[in-house]
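*Asks:* I am sharing work-v3.cif, which consists of mmCIF, C-alpha atoms, pLDDT in the B column; chains and numbers go by the auth columns:
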```cif
data_data
loop_
_atom_site.group_PDB
_atom_site.id
_atom_site.type_symbol
_atom_site.label_atom_id
_atom_site.label_comp_id
_atom_site.label_asym_id
_atom_site.label_seq_id
_atom_site.Cartn_x
_atom_site.Cartn_y
_atom_site.Cartn_z
_atom_site.B_iso_or_equiv
_atom_site.auth_seq_id
_atom_site.auth_asym_id
ATOM 1 C CA MET A 1 0.000 0.000 0.000 47.00 182 A
ATOM 2 C CA ALA A 2 1.410 3.363 -0.997 49.00 183 A
ATOM 3 C CA ASP A 3 -0.033 5.179 2.040 63.00 184 A
ATOM 4 C CA GLU A 4 0.955 2.431 4.465 69.00 185 A
ATOM 5 C CA PRO A 5 2.947 3.756 7.467 80.00 186 A
ATOM 6 C CA ALA A 6 6.638 2.825 7.426 81.00 187 A
ATOM 7 C CA ILE A 7 6.239 1.044 10.760 76.00 188 A
ATOM 8 C CA ALA A 8 3.490 -1.163 9.291 75.00 189 A
ATOM 9 C CA ARG A 9 5.801 -2.073 6.389 78.00 190 A
ATOM 10 C CA ARG A 10 8.546 -2.939 8.876 77.00 191 A
ATOM 11 C CA LYS A 11 6.130 -5.159 10.822 75.00 192 A
ATOM 12 C CA ALA A 12 5.119 -6.921 7.597 76.00 193 A
ATOM 13 C CA ASP A 13 8.817 -7.426 6.786 78.00 194 A
ATOM 14 C CA HIS A 14 9.308 -9.019 10.229 75.00 195 A
ATOM 15 C CA LEU A 15 6.543 -11.528 9.475 76.00 196 A
ATOM 16 C CA GLU A 16 8.012 -12.297 6.050 82.00 197 A
ATOM 17 C CA VAL A 17 11.494 -12.892 7.482 77.00 198 A
ATOM 18 C CA ALA A 18 10.110 -15.175 10.195 76.00 199 A
ATOM 19 C CA ALA A 19 8.052 -17.168 7.681 76.00 200 A
ATOM 20 C CA SER A 20 10.986 -17.494 5.268 82.00 201 A
ATOM 21 C CA GLY A 21 13.254 -19.183 7.804 77.00 202 A
ATOM 22 C CA ARG A 22 15.940 -16.511 7.423 77.00 203 A
ATOM 23 C CA ALA A 23 15.593 -15.661 11.111 73.00 204 A
ATOM 24 C CA GLU A 24 16.406 -19.167 12.289 75.00 205 A
ATOM 25 C CA PHE A 25 19.475 -19.595 14.440 70.00 206 A
ATOM 26 C CA VAL A 26 22.146 -21.315 12.358 75.00 207 A
ATOM 27 C CA LYS A 27 24.942 -21.763 14.881 81.00 208 A
ATOM 28 C CA SER A 28 25.062 -24.705 17.212 84.00 209 A
ATOM 29 C CA THR A 29 23.697 -24.281 20.717 83.00 210 A
ATOM 30 C CA LEU A 30 25.474 -27.541 21.588 90.00 211 A
ATOM 31 C CA LEU A 31 22.129 -28.988 22.668 88.00 212 A
ATOM 32 C CA GLU A 32 22.593 -31.632 19.983 89.00 213 A
ATOM 33 C CA HIS A 33 25.261 -33.072 22.303 93.00 214 A
ATOM 34 C CA VAL A 34 22.914 -33.309 25.284 93.00 215 A
ATOM 35 C CA HIS A 35 21.287 -36.682 25.856 92.00 216 A
ATOM 36 C CA LEU A 36 18.699 -36.949 28.611 90.00 217 A
ATOM 37 C CA GLN A 37 18.183 -40.275 30.315 89.00 218 A
ATOM 38 C CA HIS A 38 14.569 -41.312 30.673 87.00 219 A
ATOM 39 C CA GLN A 39 13.522 -41.750 34.285 82.00 220 A
ATOM 40 C CA ALA A 40 9.861 -42.670 34.540 80.00 221 A
ATOM 41 C CA LEU A 41 7.836 -41.593 37.540 79.00 222 A
ATOM 42 C CA PRO A 42 5.393 -44.524 37.894 77.00 223 A
ATOM 43 C CA GLU A 43 4.161 -43.272 41.267 82.00 224 A
ATOM 44 C CA LEU A 44 2.599 -40.230 39.553 82.00 225 A
ATOM 45 C CA ALA A 45 -0.656 -40.234 37.646 83.00 226 A
ATOM 46 C CA LEU A 46 -1.021 -37.608 34.933 80.00 227 A
ATOM 47 C CA ASP A 47 -4.669 -36.974 35.826 84.00 228 A
ATOM 48 C CA GLU A 48 -3.573 -36.084 39.374 86.00 229 A
ATOM 49 C CA ILE A 49 -1.227 -33.314 38.240 88.00 230 A
ATOM 50 C CA ASP A 50 -2.711 -29.840 38.086 92.00 231 A
ATOM 51 C CA LEU A 51 -0.658 -27.111 36.420 94.00 232 A
ATOM 52 C CA ALA A 52 -3.392 -24.505 36.824 96.00 233 A
ATOM 53 C CA THR A 53 -2.476 -21.196 38.370 96.00 234 A
ATOM 54 C CA GLU A 54 -3.921 -17.740 38.753 96.00 235 A
ATOM 55 C CA LEU A 55 -2.511 -14.602 37.182 95.00 236 A
ATOM 56 C CA VAL A 56 -4.045 -11.126 37.459 95.00 237 A
ATOM 57 C CA GLY A 57 -7.172 -12.677 38.909 95.00 238 A
ATOM 58 C CA LYS A 58 -7.740 -15.084 36.023 96.00 239 A
ATOM 59 C CA ARG A 59 -7.218 -18.824 35.867 96.00 240 A
ATOM 60 C CA LEU A 60 -4.591 -20.301 33.560 97.00 241 A
ATOM 61 C CA ALA A 61 -4.641 -24.009 32.717 97.00 242 A
ATOM 62 C CA ALA A 62 -0.841 -23.905 32.873 96.00 243 A
ATOM 63 C CA PRO A 63 1.730 -21.194 33.603 96.00 244 A
ATOM 64 C CA LEU A 64 2.416 -20.546 29.928 95.00 245 A
ATOM 65 C CA VAL A 65 2.334 -17.359 27.864 95.00 246 A
ATOM 66 C CA ILE A 66 2.400 -16.993 24.098 95.00 247 A
ATOM 67 C CA THR A 67 4.444 -13.809 24.075 88.00 248 A
ATOM 68 C CA GLY A 68 5.106 -10.643 22.131 72.00 249 A
ATOM 69 C CA MET A 69 4.323 -11.702 18.594 73.00 250 A
ATOM 70 C CA THR A 70 3.206 -8.980 16.212 81.00 251 A
ATOM 71 C CA GLY A 71 0.806 -6.209 15.277 82.00 252 A
ATOM 72 C CA GLY A 72 0.493 -3.288 12.907 83.00 253 A
ATOM 73 C CA THR A 73 -0.476 -5.000 9.632 84.00 254 A
ATOM 74 C CA ALA A 74 -3.380 -7.004 8.223 85.00 255 A
ATOM 75 C CA GLU A 75 -1.158 -10.105 8.284 88.00 256 A
ATOM 76 C CA ALA A 76 -0.352 -9.403 11.927 89.00 257 A
ATOM 77 C CA ALA A 77 -4.052 -9.104 12.759 92.00 258 A
ATOM 78 C CA ALA A 78 -4.638 -12.591 11.356 92.00 259 A
ATOM 79 C CA VAL A 79 -1.661 -14.005 13.281 92.00 260 A
ATOM 80 C CA ASN A 80 -2.827 -12.352 16.511 94.00 261 A
ATOM 81 C CA ARG A 81 -6.365 -13.671 16.125 95.00 262 A
ATOM 82 C CA ASP A 82 -5.153 -17.211 15.384 95.00 263 A
ATOM 83 C CA LEU A 83 -2.834 -17.143 18.405 95.00 264 A
ATOM 84 C CA ALA A 84 -5.638 -15.713 20.534 97.00 265 A
ATOM 85 C CA ARG A 85 -7.956 -18.553 19.546 97.00 266 A
ATOM 86 C CA ALA A 86 -5.232 -21.062 20.421 97.00 267 A
ATOM 87 C CA ALA A 87 -4.561 -19.374 23.785 97.00 268 A
ATOM 88 C CA GLN A 88 -8.284 -19.328 24.563 98.00 269 A
ATOM 89 C CA ALA A 89 -8.646 -23.020 23.702 98.00 270 A
ATOM 90 C CA ALA A 90 -5.556 -24.019 25.709 97.00 271 A
ATOM 91 C CA GLY A 91 -6.273 -21.748 28.666 98.00 272 A
ATOM 92 C CA VAL A 92 -2.919 -19.973 28.521 98.00 273 A
ATOM 93 C CA ALA A 93 -1.983 -16.290 28.426 98.00 274 A
ATOM 94 C CA LEU A 94 -1.224 -14.234 25.318 97.00 275 A
ATOM 95 C CA GLY A 95 1.126 -11.321 24.799 96.00 276 A
ATOM 96 C CA LEU A 96 0.738 -9.139 21.746 95.00 277 A
ATOM 97 C CA GLY A 97 3.570 -7.508 19.843 91.00 278 A
ATOM 98 C CA SER A 98 4.766 -3.969 20.386 91.00 279 A
ATOM 99 C CA GLN A 99 1.935 -1.463 20.292 94.00 280 A
ATOM 100 C CA ARG A 100 4.262 1.235 19.010 92.00 281 A
ATOM 101 C CA ALA A 101 2.631 0.983 15.589 91.00 282 A
ATOM 102 C CA MET A 102 -0.776 1.476 17.196 93.00 283 A
ATOM 103 C CA ALA A 103 0.464 4.375 19.321 94.00 284 A
ATOM 104 C CA GLU A 104 1.885 6.187 16.291 92.00 285 A
ATOM 105 C CA HIS A 105 -0.961 5.254 13.937 92.00 286 A
ATOM 106 C CA PRO A 106 -4.249 4.760 15.824 93.00 287 A
ATOM 107 C CA ASP A 107 -5.859 3.352 12.678 92.00 288 A
ATOM 108 C CA LEU A 108 -3.714 0.212 13.233 92.00 289 A
ATOM 109 C CA ALA A 109 -5.393 -0.544 16.593 94.00 290 A
ATOM 110 C CA ALA A 110 -7.628 -3.178 14.968 93.00 291 A
ATOM 111 C CA THR A 111 -4.551 -5.339 14.261 92.00 292 A
ATOM 112 C CA TYR A 112 -4.267 -5.888 18.034 95.00 293 A
ATOM 113 C CA ALA A 113 -7.974 -6.546 18.655 95.00 294 A
ATOM 114 C CA ILE A 114 -8.489 -10.126 19.848 96.00 295 A
ATOM 115 C CA ARG A 115 -10.945 -9.959 22.762 97.00 296 A
ATOM 116 C CA ASP A 116 -13.893 -11.054 20.610 98.00 297 A
ATOM 117 C CA VAL A 117 -12.165 -14.411 19.925 98.00 298 A
ATOM 118 C CA ALA A 118 -10.376 -14.744 23.267 98.00 299 A
ATOM 119 C CA PRO A 119 -12.503 -13.143 25.974 97.00 300 A
ATOM 120 C CA ASP A 120 -11.023 -15.157 28.838 97.00 301 A
ATOM 121 C CA VAL A 121 -7.269 -15.112 28.161 97.00 302 A
ATOM 122 C CA VAL A 122 -4.843 -13.203 30.311 98.00 303 A
ATOM 123 C CA LEU A 123 -3.784 -10.594 27.772 98.00 304 A
ATOM 124 C CA PHE A 124 -0.526 -8.659 27.854 97.00 305 A
ATOM 125 C CA GLY A 125 -0.168 -5.440 25.922 96.00 306 A
ATOM 126 C CA ASN A 126 3.368 -4.529 24.897 95.00 307 A
ATOM 127 C CA VAL A 127 5.423 -1.366 24.519 95.00 308 A
ATOM 128 C CA GLY A 128 9.109 -0.619 24.214 93.00 309 A
ATOM 129 C CA GLY A 129 10.835 0.906 27.217 94.00 310 A
ATOM 130 C CA VAL A 130 11.965 3.912 25.181 93.00 311 A
ATOM 131 C CA GLN A 131 8.417 4.494 23.920 93.00 312 A
ATOM 132 C CA ALA A 132 6.925 3.956 27.402 95.00 313 A
ATOM 133 C CA LEU A 133 9.259 6.584 28.826 95.00 314 A
ATOM 134 C CA ALA A 134 8.390 9.043 26.067 95.00 315 A
ATOM 135 C CA MET A 135 4.626 8.375 26.300 95.00 316 A
ATOM 136 C CA GLY A 136 4.333 8.376 30.056 97.00 317 A
ATOM 137 C CA PRO A 137 2.276 6.044 32.251 96.00 318 A
ATOM 138 C CA ALA A 138 -1.143 7.448 31.336 97.00 319 A
ATOM 139 C CA ARG A 139 -0.655 6.808 27.598 97.00 320 A
ATOM 140 C CA VAL A 140 0.738 3.307 28.224 97.00 321 A
ATOM 141 C CA ILE A 141 -2.279 2.495 30.384 97.00 322 A
ATOM 142 C CA GLU A 142 -4.560 3.850 27.658 97.00 323 A
ATOM 143 C CA LEU A 143 -2.934 1.585 25.050 97.00 324 A
ATOM 144 C CA ALA A 144 -3.524 -1.403 27.339 97.00 325 A
ATOM 145 C CA ARG A 145 -7.124 -0.346 27.946 97.00 326 A
ATOM 146 C CA GLN A 146 -7.827 0.035 24.216 97.00 327 A
ATOM 147 C CA ILE A 147 -7.106 -3.665 23.607 97.00 328 A
ATOM 148 C CA GLY A 148 -8.572 -4.938 26.875 97.00 329 A
ATOM 149 C CA ALA A 149 -5.171 -5.969 28.229 97.00 330 A
ATOM 150 C CA ASP A 150 -4.886 -7.294 31.771 98.00 331 A
ATOM 151 C CA ALA A 151 -1.251 -6.222 32.046 96.00 332 A
ATOM 152 C CA ILE A 152 1.464 -4.577 29.984 96.00 333 A
ATOM 153 C CA ALA A 153 4.883 -5.955 29.069 94.00 334 A
ATOM 154 C CA VAL A 154 7.677 -3.463 28.573 94.00 335 A
ATOM 155 C CA HIS A 155 10.381 -4.712 26.227 90.00 336 A
ATOM 156 C CA SER A 156 13.798 -3.450 25.298 88.00 337 A
ATOM 157 C CA THR A 157 15.440 -3.766 21.937 77.00 338 A
ATOM 158 C CA PRO A 158 19.222 -3.405 22.300 71.00 339 A
ATOM 159 C CA GLY A 159 20.706 -0.837 19.943 63.00 340 A
ATOM 160 C CA ARG A 160 17.385 0.775 19.025 58.00 341 A
ATOM 161 C CA SER A 161 15.602 3.805 20.249 51.00 342 A
#
```
Written as structure tokens, that's how I'd like the structure from this file.

*Replies:*
Amino acid sequence: MADEPAIARRKADHLEVAASGRAEFVKSTLLEHVHLQHQALPELALDEIDLATELVGKRLAAPLVITGMTGGTAEAAAVNRDLARAAQAAGVALGLGSQRAMAEHPDLAATYAIRDVAPDVVLFGNVGGVQALAMGPARVIELARQIGADAIAVHSTPGRS
């Protein structure tokens, strides 16, 4: 789109790079040299184990969060909604990608809207530390409120402002 904000184009590029495989780590982590020995726990019964926990007053089926994915483009909206449906079905929390695009271009807010498909998830909004400092607490809280977030994650991106 010719009138698409530069930040939206950058977000679309992020999705394309991730989908292409070019972002995959290519160096060894040495984990290929780790071999775990199986040690069964026959005294435990899977149906007796409860991973449920509470976070911000809501129940999670397990202490897991799908975190900081994307936002700011039509493709991102589809990814966010699919992840939200999965989080809702699994009973885990969801963190959206940086809301910087939404803060700078309010017309992109819909790309972060997931509450209609995931009304019960613990939802984390997301802003960069630099942007949070510049915006101030009231604006950060407003961004969280606009998407129905239960909490806000503040991220840092080394080397960027």

*Asks:* Starting from the PyMOL selection byres ((chain A and resi 258) around 12), expand the selection into actual residues of this file and give them as a ChimeraX atom specification.

*Replies:* /A:189,192-193,196,250-257,259-265,277-278,283,289-295

*Asks:* What residues come out when you apply the PyMOL selection byres ((chain A and resi 237) around 12) to this file, written as JSON, numbers by chain?

*Replies:* {"A": [234, 235, 236, 238, 239, 240, 241, 274, 301, 302, 303, 304, 305, 330, 331, 332, 333]}

*Asks:* One number please: atom CA of A:Ser279 to atom CA of A:Arg266, in Å, one decimal.

*Replies:*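 Atom CA of A:Arg266 lies at a distance of 19.4 Å from atom CA of A:Ser279.
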
*Asks:* Pick out the residues sitting within 12 Å of A:Thr338, and hand them over as a ChimeraX atom specification; count all atoms listed in the file, and ignore anything fewer than 4 positions along from it in its own chain.

*Replies:* /A:279,308-312,342

*Asks:* List, as a CSV table (one decimal) with C-alpha atoms, in the frame of the given file, every residue that the PyMOL selection byres ((chain A and resi 248) around 6) selects in the file provided.

*Replies:*
```csv
chain,number,residue,atom,x,y,z
A,246,VAL,CA,2.3,-17.4,27.9
A,247,ILE,CA,2.4,-17.0,24.1
A,249,GLY,CA,5.1,-10.6,22.1
A,250,MET,CA,4.3,-11.7,18.6
A,275,LEU,CA,-1.2,-14.2,25.3
A,276,GLY,CA,1.1,-11.3,24.8
```

*Asks:* Find the residue from A:Pro339, A:Gly272, A:Pro223, A:Pro287 that sits nearest to A:Leu324; use all atoms listed in the file when measuring.

*Replies:*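 Smallest distance to A:Leu324 is found for A:Pro287.
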